[in-house]
$ cat upload_0.cif   # mmCIF, C-alpha atoms; chains and numbers go by the auth columns
data_work
#
loop_
_atom_site.group_PDB
_atom_site.id
_atom_site.type_symbol
_atom_site.label_atom_id
_atom_site.label_comp_id
_atom_site.label_asym_id
_atom_site.label_seq_id
_atom_site.Cartn_x
_atom_site.Cartn_y
_atom_site.Cartn_z
_atom_site.B_iso_or_equiv
_atom_site.auth_seq_id
_atom_site.auth_asym_id
ATOM 1 C CA MET A 1 0.000 0.000 0.000 0.00 1 A
ATOM 2 C CA GLY A 2 1.770 3.129 -1.146 0.00 2 A
ATOM 3 C CA ALA A 3 1.196 6.645 0.053 0.00 3 A
ATOM 4 C CA ASP A 4 2.506 9.992 -1.021 0.00 4 A
ATOM 5 C CA SER A 5 5.595 10.646 1.087 0.00 5 A
ATOM 6 C CA PRO A 6 5.266 13.596 3.462 0.00 6 A
ATOM 7 C CA PRO A 7 8.332 15.474 4.639 0.00 7 A
ATOM 8 C CA SER A 8 9.989 14.287 7.841 0.00 8 A
ATOM 9 C CA ALA A 9 7.780 14.562 10.899 0.00 9 A
ATOM 10 C CA PRO A 10 8.549 17.556 13.107 0.00 10 A
ATOM 11 C CA SER A 11 9.553 16.930 16.698 0.00 11 A
ATOM 12 C CA ALA A 12 8.792 20.377 18.112 0.00 12 A
ATOM 13 C CA PRO A 13 5.228 21.729 18.053 0.00 13 A
ATOM 14 C CA VAL A 14 4.407 23.398 14.754 0.00 14 A
ATOM 15 C CA ALA A 15 2.616 26.701 14.244 0.00 15 A
ATOM 16 C CA LEU A 16 -0.990 26.034 13.219 0.00 16 A
ATOM 17 C CA ALA A 17 -4.021 28.301 12.960 0.00 17 A
ATOM 18 C CA ALA A 18 -7.705 27.614 12.493 0.00 18 A
ATOM 19 C CA GLY A 19 -8.334 26.813 8.840 0.00 19 A
ATOM 20 C CA ASP A 20 -4.848 25.432 8.120 0.00 20 A
ATOM 21 C CA ALA A 21 -4.954 22.295 6.002 0.00 21 A
ATOM 22 C CA MET A 22 -2.671 19.290 5.829 0.00 22 A
ATOM 23 C CA PRO A 23 -1.376 18.599 2.315 0.00 23 A
ATOM 24 C CA VAL A 24 -3.771 16.105 0.745 0.00 24 A
ATOM 25 C CA ALA A 25 -2.349 12.625 0.146 0.00 25 A
ATOM 26 C CA THR A 26 -3.536 9.496 -1.591 0.00 26 A
ATOM 27 C CA VAL A 27 -3.143 5.853 -0.580 0.00 27 A
ATOM 28 C CA GLY A 28 -3.718 2.956 -2.895 0.00 28 A
ATOM 29 C CA PRO A 29 -5.169 1.466 -4.774 0.00 29 A
ATOM 30 C CA ILE A 30 -5.776 -0.893 -1.859 0.00 30 A
ATOM 31 C CA THR A 31 -5.015 -4.459 -2.935 0.00 31 A
ATOM 32 C CA ARG A 32 -6.111 -7.828 -1.621 0.00 32 A
ATOM 33 C CA THR A 33 -2.478 -8.350 -0.673 0.00 33 A
ATOM 34 C CA ASP A 34 -2.580 -5.167 1.459 0.00 34 A
ATOM 35 C CA ILE A 35 -5.663 -6.500 3.234 0.00 35 A
ATOM 36 C CA VAL A 36 -4.182 -9.960 3.855 0.00 36 A
ATOM 37 C CA ARG A 37 -0.857 -8.521 5.033 0.00 37 A
ATOM 38 C CA TYR A 38 -2.701 -6.247 7.459 0.00 38 A
ATOM 39 C CA ALA A 39 -4.743 -9.223 8.701 0.00 39 A
ATOM 40 C CA GLY A 40 -1.502 -11.083 9.415 0.00 40 A
ATOM 41 C CA ALA A 41 0.081 -8.118 11.165 0.00 41 A
ATOM 42 C CA GLY A 42 -3.009 -7.418 13.259 0.00 42 A
ATOM 43 C CA GLY A 43 -4.112 -10.990 13.861 0.00 43 A
ATOM 44 C CA ASP A 44 -7.572 -10.382 12.352 0.00 44 A
ATOM 45 C CA PHE A 45 -8.282 -13.549 10.399 0.00 45 A
ATOM 46 C CA ASN A 46 -12.012 -13.036 9.950 0.00 46 A
ATOM 47 C CA PRO A 47 -12.668 -14.670 6.556 0.00 47 A
ATOM 48 C CA ILE A 48 -14.784 -11.697 5.488 0.00 48 A
ATOM 49 C CA HIS A 49 -11.478 -9.903 4.839 0.00 49 A
ATOM 50 C CA HIS A 50 -9.693 -12.580 2.790 0.00 50 A
ATOM 51 C CA ASP A 51 -12.087 -15.320 1.618 0.00 51 A
ATOM 52 C CA GLU A 52 -13.948 -14.190 -1.509 0.00 52 A
ATOM 53 C CA PRO A 53 -16.533 -17.027 -1.573 0.00 53 A
ATOM 54 C CA PHE A 54 -17.269 -16.465 2.129 0.00 54 A
ATOM 55 C CA ALA A 55 -17.804 -12.716 1.588 0.00 55 A
ATOM 56 C CA ARG A 56 -20.035 -13.328 -1.446 0.00 56 A
ATOM 57 C CA ASP A 57 -22.076 -15.918 0.474 0.00 57 A
ATOM 58 C CA LEU A 58 -22.874 -13.116 2.934 0.00 58 A
ATOM 59 C CA GLY A 59 -24.172 -10.964 0.077 0.00 59 A
ATOM 60 C CA LEU A 60 -21.118 -8.730 -0.190 0.00 60 A
ATOM 61 C CA PRO A 61 -19.574 -7.843 -3.538 0.00 61 A
ATOM 62 C CA SER A 62 -16.087 -8.829 -2.328 0.00 62 A
ATOM 63 C CA VAL A 63 -13.793 -9.005 0.648 0.00 63 A
ATOM 64 C CA PHE A 64 -13.141 -5.631 2.277 0.00 64 A
ATOM 65 C CA SER A 65 -10.462 -3.927 4.305 0.00 65 A
ATOM 66 C CA MET A 66 -10.369 -3.716 8.087 0.00 66 A
ATOM 67 C CA GLY A 67 -11.235 -0.218 9.274 0.00 67 A
ATOM 68 C CA MET A 68 -7.933 0.053 11.106 0.00 68 A
ATOM 69 C CA LEU A 69 -5.959 -0.312 7.864 0.00 69 A
ATOM 70 C CA GLN A 70 -7.309 2.959 6.473 0.00 70 A
ATOM 71 C CA GLY A 71 -7.639 4.454 9.968 0.00 71 A
ATOM 72 C CA GLY A 72 -3.971 3.745 10.598 0.00 72 A
ATOM 73 C CA ALA A 73 -2.975 5.326 7.292 0.00 73 A
ATOM 74 C CA LEU A 74 -4.927 8.476 8.192 0.00 74 A
ATOM 75 C CA ALA A 75 -3.570 8.632 11.759 0.00 75 A
ATOM 76 C CA GLN A 76 -0.005 8.163 10.512 0.00 76 A
ATOM 77 C CA ARG A 77 -0.427 10.983 7.985 0.00 77 A
ATOM 78 C CA VAL A 78 -1.782 13.377 10.635 0.00 78 A
ATOM 79 C CA GLY A 79 1.016 12.365 13.022 0.00 79 A
ATOM 80 C CA ARG A 80 3.624 13.074 10.348 0.00 80 A
ATOM 81 C CA TRP A 81 2.049 16.488 9.705 0.00 81 A
ATOM 82 C CA VAL A 82 2.152 17.671 13.324 0.00 82 A
ATOM 83 C CA GLY A 83 4.841 15.366 14.751 0.00 83 A
ATOM 84 C CA PRO A 84 3.800 12.203 16.594 0.00 84 A
ATOM 85 C CA GLU A 85 5.162 13.530 19.899 0.00 85 A
ATOM 86 C CA ASN A 86 2.696 16.406 19.680 0.00 86 A
ATOM 87 C CA VAL A 87 -0.469 14.301 19.444 0.00 87 A
ATOM 88 C CA VAL A 88 -2.321 14.634 22.751 0.00 88 A
ATOM 89 C CA SER A 89 -5.395 12.576 21.838 0.00 89 A
ATOM 90 C CA MET A 90 -6.967 10.973 18.811 0.00 90 A
ATOM 91 C CA SER A 91 -10.224 9.188 18.073 0.00 91 A
ATOM 92 C CA MET A 92 -11.674 7.589 14.940 0.00 92 A
ATOM 93 C CA ARG A 93 -15.016 6.593 13.558 0.00 93 A
ATOM 94 C CA PHE A 94 -15.316 4.091 10.717 0.00 94 A
ATOM 95 C CA THR A 95 -18.118 5.153 8.373 0.00 95 A
ATOM 96 C CA GLY A 96 -17.766 3.040 5.234 0.00 96 A
ATOM 97 C CA GLN A 97 -16.187 0.037 3.556 0.00 97 A
ATOM 98 C CA VAL A 98 -12.967 0.005 1.566 0.00 98 A
ATOM 99 C CA TRP A 99 -12.880 -2.532 -1.273 0.00 99 A
ATOM 100 C CA PRO A 100 -9.953 -3.892 -3.259 0.00 100 A
ATOM 101 C CA GLY A 101 -9.064 -1.343 -5.911 0.00 101 A
ATOM 102 C CA ASP A 102 -10.161 1.710 -3.910 0.00 102 A
ATOM 103 C CA THR A 103 -7.819 4.674 -3.695 0.00 103 A
ATOM 104 C CA LEU A 104 -8.121 6.780 -0.551 0.00 104 A
ATOM 105 C CA THR A 105 -7.707 10.520 -0.240 0.00 105 A
ATOM 106 C CA LEU A 106 -6.421 11.668 3.153 0.00 106 A
ATOM 107 C CA ALA A 107 -7.194 15.233 4.223 0.00 107 A
ATOM 108 C CA ALA A 108 -7.186 17.213 7.480 0.00 108 A
ATOM 109 C CA ARG A 109 -7.743 20.730 8.719 0.00 109 A
ATOM 110 C CA VAL A 110 -7.435 22.690 11.929 0.00 110 A
ATOM 111 C CA VAL A 111 -10.904 23.535 13.226 0.00 111 A
ATOM 112 C CA ALA A 112 -9.964 25.330 16.453 0.00 112 A
ATOM 113 C CA VAL A 113 -6.992 26.597 18.418 0.00 113 A
ATOM 114 C CA ASP A 114 -6.843 26.884 22.201 0.00 114 A
ATOM 115 C CA GLY A 115 -4.212 29.443 23.108 0.00 115 A
ATOM 116 C CA ASN A 116 -4.350 28.700 26.852 0.00 116 A
ATOM 117 C CA ALA A 117 -1.050 27.249 27.955 0.00 117 A
ATOM 118 C CA GLY A 118 -1.503 24.210 30.139 0.00 118 A
ATOM 119 C CA THR A 119 -5.162 23.340 29.499 0.00 119 A
ATOM 120 C CA ALA A 120 -7.372 22.384 26.614 0.00 120 A
ATOM 121 C CA GLY A 121 -10.873 20.981 26.728 0.00 121 A
ATOM 122 C CA GLY A 122 -10.694 20.815 30.518 0.00 122 A
ATOM 123 C CA ASP A 123 -7.727 18.418 30.573 0.00 123 A
ATOM 124 C CA ALA A 124 -4.266 19.445 31.660 0.00 124 A
ATOM 125 C CA VAL A 125 -1.910 19.499 28.700 0.00 125 A
ATOM 126 C CA ALA A 126 1.738 20.144 29.368 0.00 126 A
ATOM 127 C CA GLY A 127 3.527 22.121 26.729 0.00 127 A
ATOM 128 C CA GLY A 128 1.258 25.006 25.852 0.00 128 A
ATOM 129 C CA PRO A 129 -1.519 25.675 23.369 0.00 129 A
ATOM 130 C CA THR A 130 -3.346 23.028 21.366 0.00 130 A
ATOM 131 C CA ALA A 131 -5.248 22.717 18.112 0.00 131 A
ATOM 132 C CA THR A 132 -8.218 20.538 17.255 0.00 132 A
ATOM 133 C CA ILE A 133 -7.877 18.743 13.940 0.00 133 A
ATOM 134 C CA GLU A 134 -10.539 16.961 11.925 0.00 134 A
ATOM 135 C CA ALA A 135 -9.389 14.520 9.253 0.00 135 A
ATOM 136 C CA THR A 136 -11.008 12.190 6.750 0.00 136 A
ATOM 137 C CA ALA A 137 -10.151 9.256 4.541 0.00 137 A
ATOM 138 C CA THR A 138 -12.360 9.336 1.460 0.00 138 A
ATOM 139 C CA ARG A 139 -12.607 6.529 -1.077 0.00 139 A
ATOM 140 C CA ASP A 140 -13.196 6.830 -4.802 0.00 140 A
ATOM 141 C CA GLY A 141 -16.556 8.424 -5.461 0.00 141 A
ATOM 142 C CA GLY A 142 -16.447 10.707 -2.429 0.00 142 A
ATOM 143 C CA GLU A 143 -17.592 8.383 0.375 0.00 143 A
ATOM 144 C CA VAL A 144 -15.899 9.223 3.694 0.00 144 A
ATOM 145 C CA VAL A 145 -14.774 5.924 5.233 0.00 145 A
ATOM 146 C CA VAL A 146 -12.926 7.235 8.321 0.00 146 A
ATOM 147 C CA ARG A 147 -13.405 10.368 10.397 0.00 147 A
ATOM 148 C CA LEU A 148 -10.621 11.277 12.800 0.00 148 A
ATOM 149 C CA ALA A 149 -10.490 13.932 15.512 0.00 149 A
ATOM 150 C CA ALA A 150 -7.210 14.879 17.166 0.00 150 A
ATOM 151 C CA ARG A 151 -5.932 17.369 19.680 0.00 151 A
ATOM 152 C CA VAL A 152 -2.304 18.350 19.153 0.00 152 A
ATOM 153 C CA ARG A 153 0.255 20.581 20.824 0.00 153 A
ATOM 154 C CA ILE A 154 1.142 23.591 18.711 0.00 154 A
ATOM 155 C CA ALA A 155 3.752 26.317 18.879 0.00 155 A
ATOM 156 C CA SER A 156 2.913 29.381 20.923 0.00 156 A
ATOM 157 C CA PRO A 157 2.519 32.628 19.041 0.00 157 A
ATOM 158 C CA GLY A 158 5.982 33.723 18.045 0.00 158 A
ATOM 159 C CA GLY A 159 6.993 30.122 17.321 0.00 159 A
ATOM 160 C CA HIS A 160 7.917 28.992 20.834 0.00 160 A
ATOM 161 C CA ALA A 161 6.579 25.708 22.153 0.00 161 A
#

$ encode --input "upload_0.cif" --output "structure tokens"
Amino acid sequence: MGADSPPSAPSAPVALAAGDAMPVATVGPITRTDIVRYAGAGGDFNPIHHDEPFARDLGLPSVFSMGMLQGGALAQRVGRWVGPENVVSMSMRFTGQVWPGDTLTLAARVVAVDGNAGTAGGDAVAGGPTATIEATATRDGGEVVVRLAARVRIASPGGHA
């Protein structure tokens, strides 16, 4: 499973403002081999992900990817954008299927910035201000298959963490 290569991940908090967008990336096309390799790595051997006759017997058009395969690709891309050390929290919601042959578009934007050093959303956050990021993985045809929300440490105004 190939993805556009982002620049090296930053280690210090980056300067972000509401409305900033992560460079859009694509992943795929997702192959059956990608799905089977992910099943092996994750230990998810449900035949719905690798056994075509089994999937068709259930009325599905084909096998399909595990949500965490595309969720992981999206989370990794966001982490590389802001620096994995700066991710305070992250949650995902799986909203659609990914089929062999699908290409995913990964996008994210900053929806809010909390300039209060030390707190964000009521939780103590060491290291200064935070940003709230919303991200999506969208398959061919425009269907969003993963929604991700993250809170990340950002640089203080003037570029200091």

$ residues_near_point --input "upload_0.cif" --point "(-2.9, 16.7, 5.1)" --cutoff "6 Å" --atoms "all atoms listed in the file" --output "ChimeraX atom specification"
/A:22-24,107-108

$ resolve_selection --input "upload_0.cif" --expression "the PyMOL selection byres ((chain A and resi 49) around 9)" --output "PyMOL selection string"
chain A and resi 32+35-36+39+44-48+50-52+55+62-66

$ residues_near_point --input "upload_0.cif" --point "(-7.4, 3.8, -6.3)" --cutoff "9 Å" --atoms "all atoms listed in the file" --output "list in words"
Thr26, Val27, Gly28, Pro29, Ile30, Pro100, Gly101, Asp102, Thr103, Leu104, Arg139 and Asp140 of chain A

$ write_last_selection --input "upload_0.cif" --atoms "C-alpha atoms" --output "mmCIF file, in the frame of the given file"
data_model
loop_
_atom_site.group_PDB
_atom_site.id
_atom_site.type_symbol
_atom_site.label_atom_id
_atom_site.label_comp_id
_atom_site.auth_asym_id
_atom_site.auth_seq_id
_atom_site.Cartn_x
_atom_site.Cartn_y
_atom_site.Cartn_z
ATOM 1 C CA THR A 26 -3.536 9.496 -1.591
ATOM 2 C CA VAL A 27 -3.143 5.853 -0.580
ATOM 3 C CA GLY A 28 -3.718 2.956 -2.895
ATOM 4 C CA PRO A 29 -5.169 1.466 -4.774
ATOM 5 C CA ILE A 30 -5.776 -0.893 -1.859
ATOM 6 C CA PRO A 100 -9.953 -3.892 -3.259
ATOM 7 C CA GLY A 101 -9.064 -1.343 -5.911
ATOM 8 C CA ASP A 102 -10.161 1.710 -3.910
ATOM 9 C CA THR A 103 -7.819 4.674 -3.695
ATOM 10 C CA LEU A 104 -8.121 6.780 -0.551
ATOM 11 C CA ARG A 139 -12.607 6.529 -1.077
ATOM 12 C CA ASP A 140 -13.196 6.830 -4.802
#

$ resolve_selection --input "upload_0.cif" --expression "the PyMOL selection byres ((chain A and resi 136) around 9)" --output "ChimeraX atom specification"
/A:74,105-108,134-135,137-138,144-149

$ residues_around --input "upload_0.cif" --residues "Ala15 in chain A" --least-positions-apart "2" --cutoff "7 Å" --atoms "only C-alpha atoms" --output "PDB file with C-alpha atoms, in the frame of the given file"
ATOM      1  CA  PRO A  13       5.228  21.729  18.053  1.00  0.00           C
ATOM      2  CA  ALA A  17      -4.021  28.301  12.960  1.00  0.00           C
ATOM      3  CA  ILE A 154       1.142  23.591  18.711  1.00  0.00           C
ATOM      4  CA  ALA A 155       3.752  26.317  18.879  1.00  0.00           C
ATOM      5  CA  GLY A 159       6.993  30.122  17.321  1.00  0.00           C
TER       6      GLY A 159
END

$ closest_residue --input "upload_0.cif" --among "A:Met92, A:Gly43, A:Val87, A:Gly115" --to "Val152 in chain A" --atoms "only C-alpha atoms"
A:Val87

$ closest_residue --input "upload_0.cif" --among "A:Glu143, A:Thr31, A:Leu69, A:Arg77" --to "Thr95 in chain A" --atoms "only C-alpha atoms"
A:Glu143

$ atom_distance --input "upload_0.cif" --atom1 "CA of Asp20 in chain A" --atom2 "CA of Trp81 in chain A"
11.4 Å

$ resolve_selection --input "upload_0.cif" --expression "the PyMOL selection byres ((chain A and resi 19) around 8)" --output "list in words"
Ala17, Ala18, Asp20, Ala21, Arg109, Val110, Val111 and Ala112 of chain A

$ closest_residue --input "upload_0.cif" --among "A:Leu60, A:Val82, A:Ala41, A:Ala73" --to "Pro10 in chain A" --atoms "only C-alpha atoms"
A:Val82

$ closest_residue --input "upload_0.cif" --among "A:Met90, A:Gly42, A:Gln97, A:Arg153" --to "Gly67 in chain A" --atoms "all atoms listed in the file"
A:Gln97

$ closest_residue --input "upload_0.cif" --among "A:Gln76, A:Ala150, A:Leu16, A:Ala9" --to "Pro129 in chain A" --atoms "only C-alpha atoms"
A:Leu16

$ closest_residue --input "upload_0.cif" --among "A:Gly71, A:Pro61, A:Val14, A:Ser156" --to "Pro84 in chain A" --atoms "all atoms listed in the file"
A:Val14

$ atom_distance --input "upload_0.cif" --atom1 "CA of Thr130 in chain A" --atom2 "CA of Asn86 in chain A"
9.1 Å

$ build_atoms --input "upload_0.cif" --residues "range 18-31 of chain A" --atoms "N, CA and C atoms" --output "tab-separated table (two decimals), in the frame of the given file"
chain	number	residue	atom	x	y	z
A	18	ALA	N	-6.42	28.11	12.97
A	18	ALA	CA	-7.70	27.61	12.49
A	18	ALA	C	-7.78	27.81	10.98
A	19	GLY	N	-8.22	26.77	10.29
A	19	GLY	CA	-8.33	26.81	8.84
A	19	GLY	C	-7.15	26.21	8.10
A	20	ASP	N	-6.01	26.04	8.78
A	20	ASP	CA	-4.85	25.43	8.12
A	20	ASP	C	-5.19	24.01	7.68
A	21	ALA	N	-4.66	23.62	6.54
A	21	ALA	CA	-4.95	22.30	6.00
A	21	ALA	C	-3.67	21.50	5.80
A	22	MET	N	-3.76	20.22	6.10
A	22	MET	CA	-2.67	19.29	5.83
A	22	MET	C	-2.61	19.07	4.32
A	23	PRO	N	-1.43	18.94	3.75
A	23	PRO	CA	-1.38	18.60	2.32
A	23	PRO	C	-2.12	17.28	2.07
A	24	VAL	N	-2.98	17.29	1.08
A	24	VAL	CA	-3.77	16.10	0.74
A	24	VAL	C	-2.85	15.01	0.21
A	25	ALA	N	-3.13	13.77	0.60
A	25	ALA	CA	-2.35	12.62	0.15
A	25	ALA	C	-3.29	11.55	-0.35
A	26	THR	N	-2.75	10.64	-1.16
A	26	THR	CA	-3.54	9.50	-1.59
A	26	THR	C	-2.83	8.21	-1.17
A	27	VAL	N	-3.63	7.18	-0.93
A	27	VAL	CA	-3.14	5.85	-0.58
A	27	VAL	C	-3.86	4.86	-1.49
A	28	GLY	N	-3.10	3.98	-2.09
A	28	GLY	CA	-3.72	2.96	-2.90
A	28	GLY	C	-3.28	3.00	-4.33
A	29	PRO	N	-3.97	2.20	-5.12
A	29	PRO	CA	-5.17	1.47	-4.77
A	29	PRO	C	-4.89	0.35	-3.76
A	30	ILE	N	-5.86	0.16	-2.87
A	30	ILE	CA	-5.78	-0.89	-1.86
A	30	ILE	C	-5.90	-2.24	-2.58
A	31	THR	N	-4.99	-3.15	-2.28
A	31	THR	CA	-5.01	-4.46	-2.94
A	31	THR	C	-5.45	-5.54	-1.95
